[in-house]
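Asks: What follows is the file work_1.tsv, containing TSV, C-alpha atoms:
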chain	number	residue	atom	x	y	z
A	1	MET	CA	-17.24	37.83	10.07
A	2	LYS	CA	-14.48	38.72	7.63
A	3	GLY	CA	-12.05	36.43	9.45
A	4	SER	CA	-14.55	33.58	9.48
A	5	SER	CA	-15.33	34.01	5.79
A	6	CYS	CA	-11.66	34.02	4.91
A	7	ALA	CA	-10.96	30.87	6.93
A	8	PHE	CA	-13.94	29.15	5.32
A	9	PHE	CA	-12.73	30.11	1.84
A	10	VAL	CA	-9.19	28.82	2.48
A	11	SER	CA	-10.51	25.56	3.95
A	12	THR	CA	-12.82	25.06	0.97
A	13	LEU	CA	-10.03	25.81	-1.51
A	14	CYS	CA	-7.76	23.25	0.20
A	15	CYS	CA	-10.49	20.61	0.00
A	16	VAL	CA	-11.00	21.31	-3.72
A	17	ASN	CA	-7.26	21.01	-4.41
A	18	VAL	CA	-6.98	17.68	-2.60
A	19	ILE	CA	-10.08	16.26	-4.32
A	20	HIS	CA	-8.71	17.45	-7.67
A	21	ALA	CA	-5.42	15.67	-7.00
A	22	TRP	CA	-7.24	12.48	-6.05
A	23	LEU	CA	-9.50	12.59	-9.11
A	24	GLY	CA	-6.48	13.21	-11.29
A	25	SER	CA	-4.86	10.03	-10.04
A	26	THR	CA	-8.00	7.94	-10.50
A	27	MET	CA	-8.32	9.06	-14.11
A	28	LYS	CA	-5.10	7.17	-14.84
A	29	GLN	CA	-6.71	3.83	-14.15
A	30	LYS	CA	-7.88	3.41	-17.78
A	31	PRO	CA	-10.75	1.10	-16.83
A	32	PHE	CA	-11.62	0.27	-20.43
A	33	SER	CA	-8.09	-0.60	-21.53
A	34	THR	CA	-9.48	-3.71	-23.26
A	35	PHE	CA	-10.70	-1.32	-25.96
A	36	PRO	CA	-7.86	1.23	-26.22
A	37	SER	CA	-9.04	2.76	-29.47
A	38	VAL	CA	-12.54	3.53	-28.22
A	39	SER	CA	-12.98	6.57	-26.00
A	40	ARG	CA	-16.54	5.71	-24.94
A	41	PRO	CA	-17.58	2.03	-25.03
A	42	SER	CA	-20.93	1.04	-26.46
A	43	VAL	CA	-23.65	-0.45	-24.29
A	44	THR	CA	-22.66	-3.92	-25.50
A	45	ARG	CA	-19.07	-3.42	-24.42
A	46	LYS	CA	-20.14	-1.99	-21.09
A	47	LEU	CA	-22.20	-5.11	-20.59
A	48	PHE	CA	-19.20	-7.31	-21.43
A	49	MET	CA	-17.01	-5.49	-18.92
A	50	ASP	CA	-19.80	-5.73	-16.35
A	51	ILE	CA	-20.03	-9.48	-16.78
A	52	GLU	CA	-16.29	-9.78	-16.44
A	53	GLN	CA	-16.59	-7.68	-13.26
A	54	ASP	CA	-13.11	-6.18	-13.40
A	55	SER	CA	-13.65	-2.57	-14.42
A	56	VAL	CA	-17.09	-1.16	-13.67
A	57	ALA	CA	-18.09	0.00	-10.21
A	58	LYS	CA	-20.86	-1.97	-8.53
A	59	SER	CA	-23.33	0.90	-8.77
A	60	PHE	CA	-23.01	0.98	-12.57
A	61	ARG	CA	-23.19	-2.76	-13.32
A	62	ILE	CA	-26.03	-4.03	-15.51
A	63	GLU	CA	-27.66	-7.07	-13.95
A	64	ILE	CA	-29.15	-9.68	-16.27
A	65	PRO	CA	-30.93	-12.43	-14.31
A	66	GLY	CA	-29.71	-15.91	-15.15
A	67	ILE	CA	-26.75	-14.77	-17.26
A	68	ALA	CA	-24.05	-13.23	-15.09
A	69	SER	CA	-24.39	-15.96	-12.47
A	70	ALA	CA	-23.95	-18.64	-15.14
A	71	LEU	CA	-20.67	-17.24	-16.39
A	72	SER	CA	-17.33	-17.99	-14.83
A	73	ILE	CA	-14.36	-15.99	-16.05
A	74	PRO	CA	-11.04	-17.76	-15.36
A	75	ARG	CA	-8.80	-15.88	-12.93
A	76	HIS	CA	-5.91	-15.80	-15.42
A	77	ILE	CA	-8.16	-13.76	-17.75
A	78	GLN	CA	-9.60	-11.54	-15.01
A	79	HIS	CA	-6.15	-10.51	-13.78
A	80	SER	CA	-4.08	-10.66	-16.97
A	81	GLU	CA	-3.37	-6.90	-16.86
A	82	ILE	CA	-2.08	-7.21	-13.29
A	83	ASP	CA	0.09	-10.21	-14.12
A	84	GLN	CA	1.54	-8.38	-17.11
A	85	ALA	CA	2.37	-5.31	-15.02
A	86	ILE	CA	4.19	-7.46	-12.48
A	87	ALA	CA	6.02	-9.60	-15.03
A	88	ALA	CA	7.24	-6.50	-16.88
A	89	ASN	CA	9.91	-6.10	-14.19
A	90	GLY	CA	10.57	-9.81	-13.74
A	91	MET	CA	8.50	-10.15	-10.58
A	92	PRO	CA	8.21	-12.18	-8.52
A	93	TRP	CA	12.00	-12.40	-8.38
A	94	GLN	CA	13.03	-15.98	-7.66
A	95	SER	CA	16.66	-15.03	-7.11
A	96	SER	CA	18.43	-12.03	-5.64
A	97	ILE	CA	20.37	-9.47	-7.64
A	98	ASP	CA	23.37	-10.71	-5.64
A	99	PRO	CA	24.16	-14.30	-6.73
A	100	HIS	CA	26.07	-14.90	-3.48
A	101	TYR	CA	23.19	-13.88	-1.20
A	102	ARG	CA	21.67	-16.54	1.06
A	103	SER	CA	18.31	-15.83	2.69
A	104	LEU	CA	18.06	-16.23	6.45
A	105	ALA	CA	14.60	-17.74	5.92
A	106	ASP	CA	15.51	-20.88	3.95
A	107	ASP	CA	19.14	-20.48	2.81
A	108	SER	CA	17.93	-19.93	-0.77
A	109	ASN	CA	18.88	-17.08	-3.10
A	110	LYS	CA	15.36	-15.62	-3.03
A	111	PRO	CA	14.79	-12.11	-1.61
A	112	PHE	CA	14.01	-12.40	2.09
A	113	TYR	CA	10.51	-10.87	2.02
A	114	LEU	CA	9.35	-12.42	-1.28
A	115	PRO	CA	6.75	-14.69	0.44
A	116	PHE	CA	5.00	-11.56	1.78
A	117	TRP	CA	4.75	-10.14	-1.73
A	118	GLU	CA	3.48	-13.41	-3.21
A	119	TRP	CA	0.90	-14.00	-0.47
A	120	GLN	CA	-0.41	-10.43	-0.62
A	121	MET	CA	-0.71	-10.41	-4.39
A	122	ASP	CA	-2.64	-13.68	-4.37
A	123	TYR	CA	-4.85	-12.45	-1.52
A	124	MET	CA	-5.75	-9.22	-3.34
A	125	LYS	CA	-6.71	-11.12	-6.49
A	126	LYS	CA	-8.97	-13.44	-4.52
A	127	HIS	CA	-10.65	-10.97	-2.16
A	128	LEU	CA	-10.76	-7.47	-3.70
A	129	THR	CA	-13.37	-6.30	-6.19
A	130	ASN	CA	-12.48	-4.83	-9.59
A	131	LEU	CA	-8.72	-4.85	-9.02
A	132	GLN	CA	-7.10	-2.39	-11.43
A	133	VAL	CA	-3.46	-1.54	-12.19
A	134	LEU	CA	-2.41	2.04	-11.41
A	135	PRO	CA	0.61	3.63	-13.10
A	136	VAL	CA	3.76	4.08	-11.04
A	137	GLU	CA	5.03	7.34	-12.45
A	138	SER	CA	6.06	10.83	-11.49
A	139	LYS	CA	3.78	13.79	-11.98
A	140	GLN	CA	5.83	14.48	-15.11
A	141	GLY	CA	4.95	11.03	-16.47
A	142	GLN	CA	8.28	9.27	-15.84
A	143	ASP	CA	8.00	5.57	-15.08
A	144	LEU	CA	9.22	4.87	-11.53
A	145	SER	CA	8.12	1.25	-11.23
A	146	TYR	CA	11.66	-0.14	-11.50
A	147	ARG	CA	15.12	1.18	-10.73
A	148	THR	CA	18.52	-0.47	-10.29
A	149	ASN	CA	22.12	0.60	-9.87
A	150	GLY	CA	23.47	-2.89	-10.53
A	151	LYS	CA	23.78	-3.76	-6.83
A	152	VAL	CA	20.33	-2.84	-5.56
A	153	ARG	CA	16.99	-2.95	-7.35
A	154	LEU	CA	13.59	-1.50	-6.51
A	155	HIS	CA	10.21	-2.62	-7.85
A	156	THR	CA	6.86	-0.96	-7.13
A	157	PHE	CA	3.35	-2.05	-8.05
A	158	GLN	CA	0.18	-0.04	-7.47
A	159	CYS	CA	-3.47	-0.96	-7.87
A	160	SER	CA	-6.95	0.14	-6.85
A	161	SER	CA	-10.24	-1.63	-6.22
A	162	ASP	CA	-13.79	-0.84	-5.22
A	163	GLU	CA	-12.58	-0.96	-1.61
A	164	TYR	CA	-9.22	0.86	-1.88
A	165	LYS	CA	-8.27	4.01	-3.76
A	166	CYS	CA	-4.64	2.86	-3.83
A	167	ILE	CA	-2.57	-0.09	-2.65
A	168	ARG	CA	1.19	0.26	-3.11
A	169	MET	CA	3.63	-2.64	-2.85
A	170	THR	CA	7.39	-2.07	-2.93
A	171	VAL	CA	10.25	-4.56	-2.85
A	172	MET	CA	13.92	-3.59	-2.55
A	173	ASP	CA	16.54	-6.28	-3.12
A	174	GLY	CA	20.17	-5.57	-2.40
A	175	GLY	CA	21.28	-9.05	-1.40
A	176	ALA	CA	22.81	-9.22	2.07
A	177	ARG	CA	23.06	-5.43	2.11
A	178	THR	CA	19.34	-4.60	2.02
A	179	GLN	CA	16.00	-6.41	1.91
A	180	VAL	CA	12.76	-4.38	2.13
A	181	PHE	CA	9.05	-4.97	1.66
A	182	THR	CA	6.61	-2.12	2.24
A	183	SER	CA	2.94	-1.70	1.43
A	184	LEU	CA	0.35	0.99	2.08
A	185	TRP	CA	-3.41	0.51	1.71
A	186	TYR	CA	-5.62	3.63	1.46
A	187	PRO	CA	-9.36	2.85	1.68
A	188	GLN	CA	-11.63	4.68	-0.73
A	189	PRO	CA	-12.35	8.16	0.70
A	190	HIS	CA	-16.04	7.43	1.21
A	191	PHE	CA	-14.85	5.18	4.05
A	192	HIS	CA	-13.61	7.01	7.16
A	193	LEU	CA	-11.21	4.21	8.09
A	194	PRO	CA	-7.53	3.78	9.02
A	195	VAL	CA	-4.73	3.25	6.52
A	196	LEU	CA	-3.04	-0.16	6.59
A	197	GLY	CA	0.73	0.36	6.78
A	198	ILE	CA	3.37	-2.38	6.38
A	199	ASP	CA	7.13	-1.77	6.69
A	200	LEU	CA	9.53	-4.74	6.80
A	201	LEU	CA	13.22	-3.79	6.76
A	202	GLN	CA	16.43	-5.80	6.89
A	203	PHE	CA	19.88	-4.23	6.80
A	204	GLY	CA	23.11	-6.20	6.61
A	205	GLN	CA	21.19	-9.32	7.73
A	206	SER	CA	21.92	-8.17	11.28
A	207	LYS	CA	19.25	-5.53	11.83
A	208	HIS	CA	15.54	-6.15	11.35
A	209	LEU	CA	12.65	-3.79	11.96
A	210	CYS	CA	9.09	-4.88	11.15
A	211	ILE	CA	5.95	-2.77	11.58
A	212	VAL	CA	2.32	-3.48	10.66
A	213	ASP	CA	-0.46	-1.18	11.81
A	214	PHE	CA	-3.95	0.15	11.22
A	215	GLN	CA	-2.91	3.81	11.13
A	216	PRO	CA	-5.68	6.21	12.21
A	217	ILE	CA	-6.08	9.15	9.87
A	218	HIS	CA	-6.49	11.55	12.79
A	219	GLU	CA	-3.20	13.08	13.87
A	220	ASN	CA	-3.88	12.65	17.59
A	221	SER	CA	-4.47	8.91	17.95
A	222	SER	CA	-3.60	8.57	21.65
A	223	GLN	CA	-7.18	7.64	22.56
A	224	ASP	CA	-8.63	4.20	21.90
A	225	GLN	CA	-9.73	3.64	18.31
A	226	PRO	CA	-13.03	1.91	17.45
A	227	PHE	CA	-11.26	-0.78	15.41
A	228	GLU	CA	-8.65	-1.78	18.00
A	229	HIS	CA	-10.81	-4.49	19.56
A	230	LEU	CA	-10.48	-6.35	16.25
A	231	LEU	CA	-6.69	-6.34	16.48
A	232	GLN	CA	-5.99	-6.99	20.14
A	233	PRO	CA	-6.82	-10.76	20.07
A	234	ILE	CA	-4.38	-11.14	17.15
A	235	ARG	CA	-1.60	-9.07	18.69
A	236	ASP	CA	-1.92	-10.79	22.06
A	237	GLN	CA	-0.79	-14.04	20.44
A	238	TYR	CA	2.62	-12.59	19.50
A	239	PRO	CA	4.53	-11.00	22.42
A	240	SER	CA	7.62	-10.65	20.21
A	241	LEU	CA	5.69	-8.04	18.21
A	242	HIS	CA	4.88	-5.80	21.19
A	243	GLY	CA	7.86	-3.51	20.64
A	244	LYS	CA	7.72	0.23	21.30
A	245	MET	CA	8.57	3.04	18.91
A	246	THR	CA	11.27	5.49	19.81
A	247	ARG	CA	10.26	9.15	19.82
A	248	ARG	CA	13.39	10.27	18.04
A	249	PHE	CA	11.65	10.55	14.68
A	250	TYR	CA	8.04	9.42	15.10
A	251	ASP	CA	5.39	10.18	17.68
A	252	GLU	CA	3.47	6.99	18.47
A	253	ASP	CA	0.43	9.12	19.35
A	254	ALA	CA	0.25	10.52	15.79
A	255	PHE	CA	-1.14	8.26	13.07
A	256	PHE	CA	-0.36	5.04	14.96
A	257	SER	CA	-2.64	2.72	16.91
A	258	LYS	CA	-2.11	1.01	20.25
A	259	GLN	CA	-2.31	-2.36	18.50
A	260	MET	CA	0.70	-1.82	16.25
A	261	LEU	CA	2.80	-4.90	15.49
A	262	LEU	CA	6.44	-3.95	15.97
A	263	GLY	CA	9.34	-6.37	16.16
A	264	ARG	CA	13.12	-6.02	16.15
A	265	SER	CA	15.69	-8.75	15.76
A	266	ASP	CA	19.33	-9.50	15.14
A	267	ARG	CA	20.59	-12.08	12.64
A	268	ALA	CA	20.06	-15.08	14.90
A	269	GLY	CA	16.42	-14.36	15.63
A	270	ALA	CA	15.35	-13.08	12.22
A	271	ASN	CA	13.66	-16.21	10.92
A	272	ASP	CA	11.67	-16.79	14.13
A	273	LEU	CA	10.57	-13.17	14.32
A	274	VAL	CA	9.61	-12.77	10.68
A	275	TYR	CA	8.23	-16.15	9.64
A	276	LYS	CA	7.04	-17.80	12.85
A	277	ASN	CA	5.47	-14.69	14.36
A	278	LEU	CA	5.16	-11.75	11.99
A	279	PHE	CA	3.98	-13.59	8.89
A	280	PRO	CA	0.79	-15.09	10.40
A	281	ALA	CA	0.09	-11.88	12.35
A	282	TYR	CA	0.53	-9.81	9.18
A	283	GLN	CA	-1.84	-12.10	7.27
A	284	ALA	CA	-4.45	-11.75	10.02
A	285	TYR	CA	-4.11	-7.94	10.02
A	286	VAL	CA	-4.49	-7.74	6.23
A	287	ASN	CA	-7.55	-9.99	6.30
A	288	THR	CA	-9.10	-8.02	9.17
A	289	HIS	CA	-8.54	-4.70	7.38
A	290	VAL	CA	-10.15	-5.94	4.17
A	291	GLN	CA	-13.14	-7.36	6.06
A	292	MET	CA	-13.51	-4.07	7.94
A	293	VAL	CA	-13.55	-2.05	4.71
A	294	GLN	CA	-15.89	-4.43	2.90
A	295	SER	CA	-18.38	-4.35	5.77
A	296	ALA	CA	-18.31	-0.55	6.12
A	297	THR	CA	-21.09	1.70	4.85
A	298	PRO	CA	-19.94	4.22	2.21
A	299	ARG	CA	-20.50	7.82	3.28
A	300	PRO	CA	-20.01	10.20	0.34
A	301	SER	CA	-20.30	13.19	2.67
A	302	THR	CA	-16.95	12.26	4.26
A	303	VAL	CA	-14.89	12.29	1.03
A	304	ALA	CA	-13.49	15.81	1.36
A	305	ASP	CA	-12.60	15.33	5.03
A	306	VAL	CA	-11.00	11.93	4.47
A	307	LEU	CA	-8.90	13.21	1.57
A	308	GLN	CA	-7.72	16.06	3.78
A	309	ARG	CA	-6.72	13.50	6.42
A	310	HIS	CA	-4.93	11.38	3.81
A	311	ALA	CA	-3.01	14.50	2.82
A	312	ALA	CA	-2.14	15.21	6.47
A	313	TYR	CA	-0.96	11.60	6.86
A	314	ASP	CA	1.17	11.87	3.69
A	315	ASN	CA	2.76	15.11	4.87
A	316	TYR	CA	3.53	13.70	8.31
A	317	SER	CA	5.03	10.52	6.82
A	318	ALA	CA	7.03	12.20	4.06
A	319	ALA	CA	8.71	14.50	6.59
A	320	ARG	CA	9.81	11.59	8.79
A	321	ASP	CA	10.13	8.47	6.66
A	322	PRO	CA	13.72	7.28	6.19
A	323	ALA	CA	13.05	6.24	2.61
A	324	HIS	CA	14.21	9.50	1.04
A	325	ALA	CA	17.73	9.35	2.44
A	326	MET	CA	18.09	5.67	1.58
A	327	LEU	CA	16.78	6.15	-1.96
A	328	ALA	CA	18.93	9.24	-2.53
A	329	ALA	CA	22.05	7.38	-1.42
A	330	THR	CA	21.19	4.48	-3.74
A	331	PHE	CA	19.58	6.04	-6.83
A	332	GLY	CA	20.20	9.77	-6.58
A	333	ASN	CA	18.36	12.72	-5.09
A	334	ASP	CA	16.14	13.47	-8.10
A	335	PHE	CA	14.73	9.95	-8.13
A	336	ALA	CA	14.27	10.05	-4.35
A	337	ASP	CA	12.30	13.31	-4.54
A	338	ASP	CA	9.99	12.02	-7.26
A	339	TYR	CA	9.51	8.64	-5.62
A	340	VAL	CA	8.73	9.94	-2.13
A	341	TYR	CA	6.38	12.73	-3.21
A	342	ASP	CA	4.75	11.16	-6.27
A	343	ILE	CA	4.61	7.48	-5.26
A	344	LEU	CA	5.07	6.88	-1.54
A	345	PHE	CA	3.06	9.87	-0.31
A	346	PRO	CA	1.44	11.49	-3.36
A	347	LEU	CA	-0.68	14.02	-1.44
A	348	ALA	CA	2.31	15.39	0.47
A	349	ASP	CA	3.81	18.80	-0.20
A	350	ARG	CA	7.41	18.65	-1.34
A	351	GLY	CA	9.72	19.52	1.54
A	352	VAL	CA	12.26	18.14	3.98
A	353	SER	CA	12.26	14.33	4.31
A	354	GLY	CA	13.49	11.94	6.96
A	355	THR	CA	16.98	10.57	7.43
A	356	LEU	CA	18.40	7.07	7.11
A	357	GLU	CA	19.22	6.97	10.83
A	358	SER	CA	15.51	6.71	11.63
A	359	CYS	CA	15.47	3.05	10.52
Transcribe the structure of this file into structure tokens.
Replies:
Amino acid sequence: MKGSSCAFFVSTLCCVNVIHAWLGSTMKQKPFSTFPSVSRPSVTRKLFMDIEQDSVAKSFRIEIPGIASALSIPRHIQHSEIDQAIAANGMPWQSSIDPHYRSLADDSNKPFYLPFWEWQMDYMKKHLTNLQVLPVESKQGQDLSYRTNGKVRLHTFQCSSDEYKCIRMTVMDGGARTQVFTSLWYPQPHFHLPVLGIDLLQFGQSKHLCIVDFQPIHENSSQDQPFEHLLQPIRDQYPSLHGKMTRRFYDEDAFFSKQMLLGRSDRAGANDLVYKNLFPAYQAYVNTHVQMVQSATPRPSTVADVLQRHAAYDNYSAARDPAHAMLAATFGNDFADDYVYDILFPLADRGVSGTLESC
């Protein structure tokens, strides 16, 4: 009995710590930023925010028959905070940091994966509920949303919605040297659903690796997942995205599904792989994930377990992801540590990260 009690106490303590970390991050959303000087809005102001439908959770909205339905708030007002957060770092970049760079997609000077960023941002604004900007900062409060060394630049945007506790979008532009777009979608923890992971990497315009997957939050994902039947008809259309992972750094049976989109290409085949095959498949996967989350039934009893699984996923990924080595080589080790453990995988314990060779 003593052993069982001890194990139960440790498990409970871990759950409390994870939930505390999650609640701490959600408190940064500042949902009533329209009224920064007021700590607790009046009923009238709550009603205004409810009508605007961009800050108050569905369960707390005040419904007034015949009024809310008659109002139409222009999208540029609904999402002004998001647009400001993006524009603060000059996004979307219409030209590369390298003036001599020519994209393999259209021979322009635009970053190679910019259309993915633009499409996803527009999609989120149209389809997600109560989209809110989240700060991109270290646990010490340092802004990590933008970094450059003059040759390479990195921009990160984070947001939340009623459906997702956090969606991160990252673009790295280093001209012909490096082009990267990554995004990670964590559903709200009252949904026991997979994480949507997107990693699109281009190095030296000669090496391309693209991965999109519904990543199960259970470590052993070798068995069929209940959502995979939604993905198979999409994946079957794109044989070029049926690549296999190597086991050198990742285990495809841990946090990966059997319907992963994975494509590799050299310089000659990059445009066909990325824009004729990956782009429409990626759009279909994003749309399917959002529809899956929006049709799911919230289960508050699963919150502690799901947050524990998110933490396990973050720890697994932080230990293997090549981002740390690449960021350390580009922006320094201190920035890499903060970015990997406070932004990329915020529930992970600080420790040993992956290496650049895993790309």
Asks: Between CA of Thr178 in chain A and CA of Tyr316 in chain A, what is the distance in Å, rounded to a tenth?
Replies: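 Distance between the two atoms: 25.0 Å.
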Asks: Near Leu144 in chain A, within 9 Å and counting all atoms listed in the file, which residues show up once chain neighbours fewer than 3 positions away are dropped, as a PyMOL selection string?
Replies: chain A and resi 135-138+141+147+155-156+335+338-339+343
Asks: Could the residues in this selection be saved with C-alpha atoms as an mmCIF file, in the frame of the given file?
Replies:
data_model
loop_
_atom_site.group_PDB
_atom_site.id
_atom_site.type_symbol
_atom_site.label_atom_id
_atom_site.label_comp_id
_atom_site.auth_asym_id
_atom_site.auth_seq_id
_atom_site.Cartn_x
_atom_site.Cartn_y
_atom_site.Cartn_z
ATOM 1 C CA PRO A 135 0.610 3.630 -13.100
ATOM 2 C CA VAL A 136 3.760 4.080 -11.040
ATOM 3 C CA GLU A 137 5.030 7.340 -12.450
ATOM 4 C CA SER A 138 6.060 10.830 -11.490
ATOM 5 C CA GLY A 141 4.950 11.030 -16.470
ATOM 6 C CA ARG A 147 15.120 1.180 -10.730
ATOM 7 C CA HIS A 155 10.210 -2.620 -7.850
ATOM 8 C CA THR A 156 6.860 -0.960 -7.130
ATOM 9 C CA PHE A 335 14.730 9.950 -8.130
ATOM 10 C CA ASP A 338 9.990 12.020 -7.260
ATOM 11 C CA TYR A 339 9.510 8.640 -5.620
ATOM 12 C CA ILE A 343 4.610 7.480 -5.260
#
Asks: May I have the residues within 7 Å of Ile198 in chain A as a list of chain:residue names, using all atoms listed in the file and disregarding those fewer than 6 positions away in the same chain?
Replies: A:Thr182, A:Ser183, A:Leu184, A:Ile211, A:Val212, A:Asp213
Asks: I'd like to know which of A:Leu201, A:Met172, A:Cys159, A:Ala284 is closest to Gly263 in chain A, using all atoms listed in the file.
Replies: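 When distances to Gly263 in chain A are compared using all atoms listed in the file, the smallest one comes from A:Leu201.
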Asks: Would you list the contacts of Lys244 in chain A as a JSON list (two decimals) with C-alpha atoms, in the coordinates of the input, taking every protein, DNA or RNA residue within 10 Å and counting only C-alpha atoms, but skipping same-chain residues closer than 5 positions in sequence?
Replies:
[["chain", "number", "residue", "atom", "x", "y", "z"],
["A", 252, "GLU", "CA", 3.47, 6.99, 18.47],
["A", 258, "LYS", "CA", -2.11, 1.01, 20.25],
["A", 260, "MET", "CA", 0.70, -1.82, 16.25],
["A", 261, "LEU", "CA", 2.80, -4.90, 15.49],
["A", 262, "LEU", "CA", 6.44, -3.95, 15.97],
["A", 263, "GLY", "CA", 9.34, -6.37, 16.16],
["A", 264, "ARG", "CA", 13.12, -6.02, 16.15]]
Asks: Env of range 105-119 of chain A: 9 Å cut, atoms = all atoms listed in the file, seq-sep filter 2 positions within chain, self excluded. Answer as a PyMOL selection string.
Replies: chain A and resi 92-103+121-124+169-175+179-181+200-202+270-272+274-275+279+282-283
Asks: Between A:Ile217, A:Leu154, A:Leu128, A:Ala281, which has the minimum distance to His192 in chain A (counting only C-alpha atoms)?
Replies: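 Under the stated criterion, the closest residue is A:Ile217.
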Asks: At a cut-off of 12 Å, using all atoms listed in the file, what residues contact Pro226 in chain A? Leave out same-chain residues fewer than 6 positions from it and give the result as a list in words.
Replies: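 So, after excluding close chain neighbours, the residues are His192, Leu193, Pro194, Phe214, Pro216, Gln232, Ser257, Lys258, Gln259 and Met292 of chain A.
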Asks: Go through A:Phe256, A:Phe345, A:Phe157, A:Tyr285 one by one, measure the shortest atom-to-atom distance of each to Met91 in chain A using only C-alpha atoms, and give the residue with the smallest value.
Replies: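 Once distances to Met91 in chain A are computed over only C-alpha atoms, the minimum belongs to A:Phe157.
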Asks: Nearest to Asp83 in chain A: which of A:Gln120, A:Pro300, A:Gln294, A:Val133 is it, counting only C-alpha atoms?
Replies: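 For Asp83 in chain A, the nearest of the given residues is A:Val133.
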Asks: With distances taken over only C-alpha atoms, which residue among A:Pro322, A:Gly332, A:Pro280, A:Pro298 lies nearest Pro189 in chain A?
Replies: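 Using only C-alpha atoms, Pro189 in chain A sits closest to A:Pro298.
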Asks: Record the distance separating CA of Asp266 in chain A and CA of Leu231 in chain A, expressed in Å with one decimal.
Replies: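 Between these atoms lies a distance of 26.2 Å.
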Asks: What does the distance between CA of Leu307 in chain A and CA of Phe227 in chain A come to in Å, to one decimal place?
Replies: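 Between these atoms lies a distance of 19.8 Å.
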Asks: From the list A:Leu347, A:Cys166, A:Ala336, A:Cys210, which residue is nearest Leu273 in chain A when using all atoms listed in the file?
Replies: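 That would be A:Cys210, the residue with the smallest distance to Leu273 in chain A.
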